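Pasting run-v8.cif here (mmCIF, C-alpha atoms (C1' of nucleotides)):
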```cif
data_my_file
#
loop_
_atom_site.group_PDB
_atom_site.id
_atom_site.type_symbol
_atom_site.label_atom_id
_atom_site.label_comp_id
_atom_site.auth_asym_id
_atom_site.auth_seq_id
_atom_site.Cartn_x
_atom_site.Cartn_y
_atom_site.Cartn_z
ATOM 1 C CA MET A 1 121.956 108.952 95.830
ATOM 2 C CA PRO A 2 119.534 110.493 93.460
ATOM 3 C CA GLU A 3 117.443 113.551 93.041
ATOM 4 C CA LEU A 4 116.316 114.791 89.641
ATOM 5 C CA PRO A 5 119.784 115.857 88.370
ATOM 6 C CA GLU A 6 121.439 112.589 89.374
ATOM 7 C CA VAL A 7 118.674 110.486 87.845
ATOM 8 C CA GLU A 8 118.825 112.559 84.671
ATOM 9 C CA THR A 9 122.581 112.010 84.513
ATOM 10 C CA VAL A 10 122.099 108.269 84.894
ATOM 11 C CA ARG A 11 119.444 108.352 82.170
ATOM 12 C CA GLN A 12 121.752 110.107 79.736
ATOM 13 C CA THR A 13 124.598 107.715 80.415
ATOM 14 C CA LEU A 14 122.394 104.646 80.115
ATOM 15 C CA ARG A 15 120.974 105.941 76.840
ATOM 16 C CA ARG A 16 124.449 106.289 75.387
ATOM 17 C CA ASN A 17 125.423 102.791 76.456
ATOM 18 C CA ILE A 18 122.558 100.331 76.219
ATOM 19 C CA LEU A 19 120.020 101.702 73.744
ATOM 20 C CA GLY A 20 119.145 99.085 71.137
ATOM 21 C CA LYS A 21 120.493 96.143 73.125
ATOM 22 C CA THR A 22 118.408 92.988 73.528
ATOM 23 C CA VAL A 23 117.973 91.393 76.947
ATOM 24 C CA SER A 24 119.008 87.748 76.918
ATOM 25 C CA SER A 25 118.503 87.014 80.615
ATOM 26 C CA VAL A 26 117.449 88.629 83.888
ATOM 27 C CA THR A 27 118.557 87.493 87.332
ATOM 28 C CA VAL A 28 116.736 88.705 90.427
ATOM 29 C CA LEU A 29 118.829 88.215 93.559
ATOM 30 C CA TYR A 30 116.621 90.245 95.908
ATOM 31 C CA GLU A 31 112.962 89.724 95.147
ATOM 32 C CA ARG A 32 111.534 92.415 97.435
ATOM 33 C CA MET A 33 112.848 94.994 95.001
ATOM 34 C CA ILE A 34 110.193 93.981 92.483
ATOM 35 C CA VAL A 35 106.821 95.668 92.893
ATOM 36 C CA GLY A 36 103.554 94.448 91.421
ATOM 37 C CA SER A 37 104.636 91.044 90.164
ATOM 38 C CA ASN A 38 106.618 88.043 91.265
ATOM 39 C CA LYS A 39 110.154 87.305 90.186
ATOM 40 C CA GLU A 40 109.169 84.741 87.544
ATOM 41 C CA GLU A 41 106.688 87.026 85.823
ATOM 42 C CA PHE A 42 109.127 89.945 85.994
ATOM 43 C CA VAL A 43 111.878 87.956 84.282
ATOM 44 C CA LYS A 44 109.535 86.486 81.715
ATOM 45 C CA ARG A 45 108.170 89.854 80.658
ATOM 46 C CA ILE A 46 111.652 91.301 80.075
ATOM 47 C CA VAL A 47 113.693 88.516 78.491
ATOM 48 C CA GLY A 48 113.915 88.828 74.733
ATOM 49 C CA LYS A 49 112.889 92.486 74.724
ATOM 50 C CA LYS A 50 114.925 95.293 73.189
ATOM 51 C CA ILE A 51 115.697 98.604 74.897
ATOM 52 C CA ILE A 52 114.008 101.219 72.753
ATOM 53 C CA GLU A 53 114.301 104.349 74.891
ATOM 54 C CA ILE A 54 115.032 105.495 78.426
ATOM 55 C CA GLY A 55 113.002 108.258 80.048
ATOM 56 C CA ARG A 56 112.628 109.994 83.383
ATOM 57 C CA MET A 57 109.895 111.671 85.392
ATOM 58 C CA GLY A 58 110.936 113.284 88.651
ATOM 59 C CA LYS A 59 113.239 110.789 90.321
ATOM 60 C CA TYR A 60 111.820 107.841 88.378
ATOM 61 C CA LEU A 61 113.684 106.284 85.511
ATOM 62 C CA PHE A 62 111.786 104.225 82.964
ATOM 63 C CA PHE A 63 112.997 101.879 80.266
ATOM 64 C CA GLU A 64 110.835 101.502 77.183
ATOM 65 C CA LEU A 65 111.198 97.939 75.950
ATOM 66 C CA SER A 66 109.803 96.366 72.819
ATOM 67 C CA ASP A 67 106.313 94.785 72.843
ATOM 68 C CA ASP A 68 104.582 97.350 75.039
ATOM 69 C CA THR A 69 106.739 96.740 78.119
ATOM 70 C CA TYR A 70 107.927 99.539 80.392
ATOM 71 C CA LEU A 71 110.224 99.104 83.375
ATOM 72 C CA ILE A 72 110.027 101.820 86.027
ATOM 73 C CA SER A 73 113.066 102.050 88.305
ATOM 74 C CA HIS A 74 113.465 104.164 91.431
ATOM 75 C CA LEU A 75 116.920 104.403 92.982
ATOM 76 C CA ARG A 76 115.725 105.655 96.390
ATOM 77 C CA MET A 77 118.709 106.442 98.613
ATOM 78 C CA GLU A 78 121.599 104.507 97.153
ATOM 79 C CA GLY A 79 120.575 102.723 93.974
ATOM 80 C CA LYS A 80 123.175 102.643 91.217
ATOM 81 C CA TYR A 81 123.564 101.125 87.778
ATOM 82 C CA PHE A 82 126.751 99.602 86.465
ATOM 83 C CA ILE A 83 127.590 98.289 83.023
ATOM 84 C CA LYS A 84 130.044 95.400 83.073
ATOM 85 C CA PRO A 85 131.013 92.425 80.967
ATOM 86 C CA LYS A 86 128.680 89.483 81.667
ATOM 87 C CA ILE A 87 131.547 87.394 82.914
ATOM 88 C CA ASP A 88 132.510 89.765 85.722
ATOM 89 C CA GLU A 89 131.866 88.438 89.189
ATOM 90 C CA ILE A 90 128.625 89.572 90.842
ATOM 91 C CA SER A 91 129.545 91.871 93.695
ATOM 92 C CA LYS A 92 127.883 92.001 97.078
ATOM 93 C CA HIS A 93 125.309 94.710 96.507
ATOM 94 C CA GLU A 94 124.246 93.889 92.958
ATOM 95 C CA HIS A 95 120.639 92.700 93.170
ATOM 96 C CA ILE A 96 119.252 92.660 89.637
ATOM 97 C CA ILE A 97 121.341 91.607 86.637
ATOM 98 C CA PHE A 98 120.252 92.197 83.059
ATOM 99 C CA GLU A 99 122.379 90.419 80.470
ATOM 100 C CA PHE A 100 122.370 91.457 76.840
ATOM 101 C CA SER A 101 122.912 89.366 73.740
ATOM 102 C CA ASP A 102 126.219 91.130 73.026
ATOM 103 C CA GLY A 103 128.011 90.008 76.188
ATOM 104 C CA VAL A 104 127.377 93.158 78.209
ATOM 105 C CA SER A 105 125.399 93.252 81.448
ATOM 106 C CA LEU A 106 123.521 96.012 83.257
ATOM 107 C CA ARG A 107 123.558 95.652 87.025
ATOM 108 C CA TYR A 108 121.412 97.355 89.612
ATOM 109 C CA ALA A 109 123.303 97.749 92.893
ATOM 110 C CA ASP A 110 121.807 99.096 96.093
ATOM 111 C CA VAL A 111 123.476 98.865 99.500
ATOM 112 C CA ARG A 112 120.298 99.626 101.430
ATOM 113 C CA LYS A 113 117.945 97.679 99.147
ATOM 114 C CA PHE A 114 115.385 100.488 99.136
ATOM 115 C CA GLY A 115 115.119 100.803 95.363
ATOM 116 C CA THR A 116 112.163 99.442 93.406
ATOM 117 C CA MET A 117 111.389 98.134 89.928
ATOM 118 C CA GLU A 118 107.966 97.751 88.421
ATOM 119 C CA LEU A 119 106.638 96.704 85.019
ATOM 120 C CA LYS A 120 103.914 98.618 83.204
ATOM 121 C CA THR A 121 102.214 98.708 79.825
ATOM 122 C CA LYS A 122 102.137 101.899 77.788
ATOM 123 C CA GLU A 123 98.536 102.382 78.793
ATOM 124 C CA GLU A 124 99.435 102.134 82.492
ATOM 125 C CA LEU A 125 102.705 104.053 82.480
ATOM 126 C CA PHE A 126 101.459 107.591 83.044
ATOM 127 C CA THR A 127 97.939 106.780 84.207
ATOM 128 C CA THR A 128 98.791 104.711 87.281
ATOM 129 C CA HIS A 129 100.837 105.219 90.405
ATOM 130 C CA PRO A 130 103.633 106.212 90.721
ATOM 131 C CA LEU A 131 104.038 108.358 87.611
ATOM 132 C CA SER A 132 100.417 109.521 87.624
ATOM 133 C CA SER A 133 100.874 110.993 91.113
ATOM 134 C CA LEU A 134 103.762 113.314 90.359
ATOM 135 C CA GLY A 135 103.584 117.101 90.453
ATOM 136 C CA MET A 136 105.237 119.468 87.998
ATOM 137 C CA GLU A 137 108.903 118.862 87.159
ATOM 138 C CA ALA A 138 111.133 120.911 89.450
ATOM 139 C CA ASN A 139 112.855 122.790 86.624
ATOM 140 C CA MET A 140 109.600 123.618 84.815
ATOM 141 C CA LEU A 141 107.791 125.354 87.674
ATOM 142 C CA THR A 142 105.821 128.519 87.047
ATOM 143 C CA LYS A 143 104.876 131.134 89.597
ATOM 144 C CA GLU A 144 101.206 130.532 88.793
ATOM 145 C CA TYR A 145 101.509 126.838 89.609
ATOM 146 C CA LEU A 146 103.324 127.506 92.876
ATOM 147 C CA LYS A 147 100.903 130.231 93.806
ATOM 148 C CA GLU A 148 97.954 127.904 93.371
ATOM 149 C CA LYS A 149 99.586 125.095 95.342
ATOM 150 C CA MET A 150 101.152 127.216 98.073
ATOM 151 C CA GLN A 151 98.603 129.821 98.940
ATOM 152 C CA SER A 152 95.845 127.325 99.668
ATOM 153 C CA ARG A 153 97.523 125.272 102.402
ATOM 154 C CA HIS A 154 99.654 125.506 105.516
ATOM 155 C CA ARG A 155 102.934 123.645 105.438
ATOM 156 C CA ASP A 156 106.665 124.130 105.955
ATOM 157 C CA LEU A 157 108.305 125.182 102.687
ATOM 158 C CA LYS A 158 110.802 122.340 102.861
ATOM 159 C CA ALA A 159 108.081 119.724 103.340
ATOM 160 C CA PHE A 160 106.291 121.209 100.338
ATOM 161 C CA LEU A 161 109.407 121.154 98.152
ATOM 162 C CA LEU A 162 110.028 117.510 99.071
ATOM 163 C CA ASP A 163 106.434 116.469 98.350
ATOM 164 C CA GLN A 164 106.639 114.675 95.003
ATOM 165 C CA THR A 165 102.921 115.086 94.368
ATOM 166 C CA MET A 166 103.448 118.847 94.438
ATOM 167 C CA ILE A 167 106.836 119.059 92.683
ATOM 168 C CA ALA A 168 108.679 116.152 91.088
ATOM 169 C CA GLY A 169 112.401 115.692 91.531
ATOM 170 C CA ILE A 170 113.521 117.756 94.524
ATOM 171 C CA GLY A 171 115.272 115.965 97.390
ATOM 172 C CA ASN A 172 117.082 117.011 100.531
ATOM 173 C CA ILE A 173 120.124 118.655 98.950
ATOM 174 C CA TYR A 174 118.363 120.747 96.344
ATOM 175 C CA ALA A 175 115.531 121.709 98.708
ATOM 176 C CA ASP A 176 118.097 123.446 100.930
ATOM 177 C CA GLU A 177 119.770 125.132 97.965
ATOM 178 C CA ILE A 178 116.460 126.357 96.534
ATOM 179 C CA CYS A 179 115.376 127.827 99.881
ATOM 180 C CA TYR A 180 118.729 129.576 100.199
ATOM 181 C CA LEU A 181 118.622 131.089 96.707
ATOM 182 C CA SER A 182 115.075 132.278 97.343
ATOM 183 C CA ASN A 183 116.004 133.835 100.705
ATOM 184 C CA LEU A 184 113.271 131.743 102.316
ATOM 185 C CA HIS A 185 113.494 129.703 105.496
ATOM 186 C CA PRO A 186 112.788 125.963 105.144
ATOM 187 C CA LYS A 187 110.355 126.276 108.056
ATOM 188 C CA GLN A 188 108.478 129.118 106.389
ATOM 189 C CA ASP A 189 104.732 128.430 106.211
ATOM 190 C CA ILE A 190 104.004 128.485 102.481
ATOM 191 C CA PHE A 191 100.534 129.953 103.096
ATOM 192 C CA TYR A 192 102.102 133.349 103.723
ATOM 193 C CA LEU A 193 104.352 133.459 100.678
ATOM 194 C CA THR A 194 103.778 136.314 98.255
ATOM 195 C CA ASP A 195 103.555 136.241 94.469
ATOM 196 C CA VAL A 196 107.140 137.473 94.389
ATOM 197 C CA ASP A 197 108.228 134.627 96.660
ATOM 198 C CA CYS A 198 106.504 132.136 94.362
ATOM 199 C CA GLU A 199 108.310 133.605 91.387
ATOM 200 C CA MET A 200 111.637 133.531 93.242
ATOM 201 C CA SER A 201 111.076 129.902 94.210
ATOM 202 C CA ALA A 202 110.263 128.847 90.673
ATOM 203 C CA ASN A 203 113.311 130.662 89.313
ATOM 204 C CA SER A 204 115.601 129.312 92.025
ATOM 205 C CA ALA A 205 114.450 125.762 91.413
ATOM 206 C CA LYS A 206 115.175 126.098 87.704
ATOM 207 C CA VAL A 207 118.617 127.585 88.275
ATOM 208 C CA VAL A 208 119.623 125.001 90.872
ATOM 209 C CA ILE A 209 118.286 121.952 89.053
ATOM 210 C CA ASP A 210 119.483 122.920 85.574
ATOM 211 C CA ASN A 211 122.955 123.805 86.803
ATOM 212 C CA ALA A 212 123.142 120.553 88.725
ATOM 213 C CA ILE A 213 122.216 118.621 85.576
ATOM 214 C CA LEU A 214 124.943 120.451 83.674
ATOM 215 C CA ALA A 215 127.409 119.517 86.415
ATOM 216 C CA GLY A 216 126.344 115.862 86.193
ATOM 217 C CA GLY A 217 124.659 115.894 89.614
ATOM 218 C CA THR A 218 126.050 116.084 93.134
ATOM 219 C CA THR A 219 128.456 113.591 94.665
ATOM 220 C CA ILE A 220 128.615 113.802 98.450
ATOM 221 C CA ARG A 221 129.210 111.081 100.962
ATOM 222 C CA SER A 222 130.301 109.093 97.942
ATOM 223 C CA TYR A 223 131.609 105.617 98.459
ATOM 224 C CA THR A 224 131.521 104.076 95.022
ATOM 225 C CA SER A 225 130.864 106.100 91.948
ATOM 226 C CA SER A 226 128.001 104.849 89.875
ATOM 227 C CA LEU A 227 127.449 104.771 86.150
ATOM 228 C CA GLY A 228 127.479 108.358 84.960
ATOM 229 C CA VAL A 229 127.334 109.772 88.437
ATOM 230 C CA THR A 230 130.571 111.411 89.365
ATOM 231 C CA GLY A 231 128.868 114.769 89.349
ATOM 232 C CA LEU A 232 130.554 117.975 90.430
ATOM 233 C CA PHE A 233 127.677 120.099 91.661
ATOM 234 C CA GLN A 234 128.918 119.718 95.242
ATOM 235 C CA LEU A 235 131.424 122.421 94.272
ATOM 236 C CA GLN A 236 128.514 124.800 93.694
ATOM 237 C CA LEU A 237 126.564 124.065 96.873
ATOM 238 C CA ASN A 238 125.890 127.185 98.939
ATOM 239 C CA VAL A 239 124.441 125.797 102.170
ATOM 240 C CA HIS A 240 123.920 122.041 102.119
ATOM 241 C CA THR A 241 126.755 120.351 104.076
ATOM 242 C CA LYS A 242 128.110 123.831 104.985
ATOM 243 C CA LYS A 243 127.418 123.820 108.722
ATOM 244 C CA GLY A 244 129.782 126.205 110.538
ATOM 245 C CA GLU A 245 130.900 127.906 107.344
ATOM 246 C CA ALA A 246 130.245 131.527 106.386
ATOM 247 C CA CYS A 247 127.237 132.389 104.251
ATOM 248 C CA GLY A 248 128.426 133.594 100.836
ATOM 249 C CA LYS A 249 125.926 136.446 100.871
ATOM 250 C CA CYS A 250 126.196 137.890 104.394
ATOM 251 C CA GLY A 251 128.999 136.080 106.189
ATOM 252 C CA ASN A 252 126.728 134.747 108.919
ATOM 253 C CA THR A 253 127.452 131.209 110.121
ATOM 254 C CA ILE A 254 125.404 128.499 108.436
ATOM 255 C CA VAL A 255 123.582 126.258 110.882
ATOM 256 C CA LYS A 256 122.125 122.775 110.679
ATOM 257 C CA LEU A 257 118.528 122.208 111.762
ATOM 258 C CA ARG A 258 116.009 119.396 111.526
ATOM 259 C CA VAL A 259 113.069 120.284 109.313
ATOM 260 C CA SER A 260 110.485 117.870 108.039
ATOM 261 C CA GLY A 261 112.566 115.099 109.575
ATOM 262 C CA ARG A 262 115.608 115.895 107.469
ATOM 263 C CA GLY A 263 119.000 117.458 108.146
ATOM 264 C CA THR A 264 118.606 121.032 106.910
ATOM 265 C CA TYR A 265 121.180 123.757 106.342
ATOM 266 C CA VAL A 266 120.287 127.411 106.512
ATOM 267 C CA CYS A 267 121.636 130.940 106.882
ATOM 268 C CA GLU A 268 119.264 132.310 109.475
ATOM 269 C CA ASN A 269 120.231 135.871 108.629
ATOM 270 C CA CYS A 270 119.373 135.663 104.920
ATOM 271 C CA GLN A 271 116.500 133.226 105.385
ATOM 272 C CA LYS A 272 114.095 134.762 107.879
ATOM 273 C CA ILE A 273 110.614 133.480 108.601
ATOM 274 C CA LYS A 274 107.802 135.912 107.789
ATOM 275 C CA ASN A 275 104.040 135.900 108.067
ATOM 276 C "C1'" DA B 1 94.949 118.571 106.347
ATOM 277 C "C1'" DA B 2 99.323 118.019 108.263
ATOM 278 C "C1'" DC B 3 102.890 116.340 111.419
ATOM 279 C "C1'" DG B 4 105.986 113.101 113.640
ATOM 280 C "C1'" DA B 5 107.642 108.574 114.044
ATOM 281 C "C1'" DA B 6 108.470 104.211 112.339
ATOM 282 C "C1'" DA B 7 109.491 101.049 108.786
ATOM 283 C "C1'" DC B 8 112.189 99.337 104.835
ATOM 284 C "C1'" DC B 9 118.129 98.169 104.898
ATOM 285 C "C1'" DT B 10 123.300 98.650 105.410
ATOM 286 C "C1'" DG B 11 127.505 101.049 106.404
ATOM 287 C "C1'" DC B 12 130.217 104.814 108.168
ATOM 288 C "C1'" DG B 13 131.984 108.166 111.480
ATOM 289 C "C1'" DC B 14 132.047 109.682 116.083
ATOM 290 C "C1'" DG B 15 132.610 109.611 121.132
ATOM 291 C "C1'" DC B 16 133.747 106.838 124.918
ATOM 292 C "C1'" DT C 1 140.314 98.036 119.259
ATOM 293 C "C1'" DG C 2 135.483 97.622 120.123
ATOM 294 C "C1'" DC C 3 130.715 99.129 120.946
ATOM 295 C "C1'" DG C 4 126.705 101.848 120.687
ATOM 296 C "C1'" DC C 5 124.534 105.633 118.676
ATOM 297 C "C1'" DG C 6 123.289 108.794 115.157
ATOM 298 C "C1'" DC C 7 123.205 109.731 110.553
ATOM 299 C "C1'" DA C 8 122.556 109.029 105.418
ATOM 300 C "C1'" DG C 9 120.697 112.292 98.446
ATOM 301 C "C1'" DG C 10 113.665 108.461 99.607
ATOM 302 C "C1'" DT C 11 109.007 106.951 100.131
ATOM 303 C "C1'" DT C 12 105.099 104.828 102.438
ATOM 304 C "C1'" DT C 13 102.241 103.908 106.264
ATOM 305 C "C1'" DC C 14 100.142 104.650 110.553
ATOM 306 C "C1'" DG C 15 98.685 107.053 114.699
ATOM 307 C "C1'" DT C 16 97.647 111.672 116.637
#
```

Rendering of file as structure tokens:
Amino acid sequence: MPELPEVETVRQTLRRNILGKTVSSVTVLYERMIVGSNKEEFVKRIVGKKIIEIGRMGKYLFFELSDDTYLISHLRMEGKYFIKPKIDEISKHEHIIFEFSDGVSLRYADVRKFGTMELKTKEELFTTHPLSSLGMEANMLTKEYLKEKMQSRHRDLKAFLLDQTMIAGIGNIYADEICYLSNLHPKQDIFYLTDVDCEMSANSAKVVIDNAILAGGTTIRSYTSSLGVTGLFQLQLNVHTKKGEACGKCGNTIVKLRVSGRGTYVCENCQKIKN
DNA sequence: AACGAAACCTGCGCGC
DNA sequence: TGCGCGCAGGTTTCGT
């Protein structure tokens, strides 16, 4: 489900709904989701704590709890949060249940069980993996930063955009959209990009990501809507999922390729490879 | 250094 | 209707 705009949307919705609540119990129904500690320790470190703030870095969400406890959550492909009354039945794909002292519960659901949760202290939060490994936020890129990162290595542009240690927050949908707006081919070797290309890429990333946040994220292939995520950015997509349709700029037919192991949509007339 | 493939999981849509 | 295959908004690991 989530790239930066979707995670940001979830963050905003969670903030509005559970800030200040105190956790009265935690139930872990799928232990492999927990990283870095066992189920018992995980539960023990959270119960009784209050939710002070909710933050985000790249695609990672983190809950600041009282007493120097931070919970990092990654939704991977299909992770979702739901807020329901405690007494509601636990549905099939809900794996971690947080109950609050006011009768409300926060539930982490994940059909594919790829998501992760990990506890940290304040000291560890930004100084240890995963948050310490992230590159610059996708909507804060500068041409200088991209220039430095791009012009010193050989790599497909799409692989670079998806590399979270280079840029934090871009996933498969927005990578395609950013390439399209920049008139660059996803298979373009970044080594040969010019200063102007770097500037275009930085600007495109900002436009795409910020507009997607404003739209509440993208909802494609949506089965169940998640908390806060019934985004509408799919209405603004230019290439992703548009195989066989006409390019909005030149009318050429948009094709689907495989780049960096991912389904990739491109207008091969507007996005030509150069070197 | 960089790439592809596999692994972690489940469900859906498609062609036969 | 049923089955097998490919595909899915992510990340890590491992072999080349």

TODO: Output as a PyMOL selection string the set of chain A residues within 6 Å of chain B, with distances taken over all atoms listed in the file.
DONE: chain A and resi 111-113

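The nearest approach to chain C among the residues A:Asp197, A:Asp88, A:Glu78, A:Glu40, with all atoms listed in the file taken into account, belongs to A:Glu78.
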
Task: Counting only C-alpha atoms (C1' of nucleotides), the option among A:Ile178, A:Ile173, A:Ile209, A:Leu141 closest to chain C - done: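 Between A:Ile178, A:Ile173, A:Ile209, A:Leu141, the residue approaching chain C most closely is A:Ile173.
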
Could you give me, as a tab-separated table, a per-residue list for chain C showing, wherever an atom lies at most 10 Å from an atom of chain A, the closest pair of atoms and their distance in Å to one decimal, using only C-alpha atoms (C1' of nucleotides) and sorting by chain then residue number from low to high?
```
residue	atom	partner	partner_atom	distance
C:DC7	C1'	A:Gly263	CA	9.1
C:DA8	C1'	A:Met77	CA	8.2
C:DG9	C1'	A:Met1	CA	4.4
C:DG10	C1'	A:Arg76	CA	4.7
C:DT11	C1'	A:Arg76	CA	7.8
```

Open item on the list: Under the PyMOL selection byres ((chain A and resi 254-260) around 12), which residues of this model are included? Write them out as JSON, numbers by chain.
Closed with: {"A": [155, 156, 157, 158, 159, 160, 161, 162, 163, 171, 172, 175, 176, 180, 185, 186, 187, 188, 238, 239, 240, 241, 242, 243, 244, 245, 246, 247, 248, 249, 250, 251, 252, 253, 261, 262, 263, 264, 265, 266, 267, 268, 269, 270, 271], "B": [2, 3, 4, 5]}

TODO: For Tyr192 (chain A), please output as a list of chain:residue names all residues within 9 Å (counting all atoms listed in the file; exclusion window: fewer than 2 positions along the same chain).
DONE: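 In the requested form, the answer reads A:Met150, A:Gln151, A:His154, A:Gln188, A:Asp189, A:Ile190, A:Thr194, A:Lys274, A:Asn275.
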
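Pairwise distance (CA of Val35 (chain A), CA of Lys86 (chain A)) equals 25.3 Å.
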
Open item on the list: Please compute the CA of Gly169 (chain A)-CA of Ser204 (chain A) distance, one decimal, in Å.
Closed with: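 One can read the CA of Gly169 (chain A) to CA of Ser204 (chain A) distance as 14.0 Å.
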
Open item on the list: So that I can see what lies close to Ser25 (chain A), please list as a list of chain:residue names the residues with an atom at most 12 Å from it, counting all atoms listed in the file and leaving out residues fewer than 3 positions away in the same chain.
Closed with: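 The contact residues come out as A:Lys21, A:Thr22, A:Val28, A:Glu40, A:Phe42, A:Val43, A:Lys44, A:Arg45, A:Ile46, A:Val47, A:Gly48, A:Lys49, A:Lys50, A:Lys86, A:Ile96, A:Ile97, A:Phe98, A:Glu99, A:Phe100, A:Ser101, A:Asp102, A:Gly103, A:Val104, A:Ser105, A:Leu106, A:Arg107.
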
Task: d(CA of Ile51 (chain A), CA of Gly20 (chain A)) in Å - done: 5.1 Å

Open item on the list: Set the distance at 9 Å and use all atoms listed in the file: which residues neighbour Met140 (chain A) once local chain neighbours fewer than 5 positions away are removed? I'd like the list as number ranges by chain.
Closed with: A: 202, 205-206

Task: Residues within 12 Å of Gly231 (chain A), only C-alpha atoms (C1' of nucleotides), excluding chain neighbours under 6 positions, as a ChimeraX atom specification - done: /A:1-2,5-10,211-220,222,225

With C-alpha atoms retained, write the just-selected residues as a compact mmCIF listing (two decimals), in the frame of the given file.
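Resulting contents of selection_38.txt:
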```txt
# COMPACT_ATOMS: atom_id res chain seq x y z
CA MET A 1 121.96 108.95 95.83
CA PRO A 2 119.53 110.49 93.46
CA PRO A 5 119.78 115.86 88.37
CA GLU A 6 121.44 112.59 89.37
CA VAL A 7 118.67 110.49 87.84
CA GLU A 8 118.82 112.56 84.67
CA THR A 9 122.58 112.01 84.51
CA VAL A 10 122.10 108.27 84.89
CA ASN A 211 122.96 123.80 86.80
CA ALA A 212 123.14 120.55 88.72
CA ILE A 213 122.22 118.62 85.58
CA LEU A 214 124.94 120.45 83.67
CA ALA A 215 127.41 119.52 86.42
CA GLY A 216 126.34 115.86 86.19
CA GLY A 217 124.66 115.89 89.61
CA THR A 218 126.05 116.08 93.13
CA THR A 219 128.46 113.59 94.66
CA ILE A 220 128.62 113.80 98.45
CA SER A 222 130.30 109.09 97.94
CA SER A 225 130.86 106.10 91.95
```
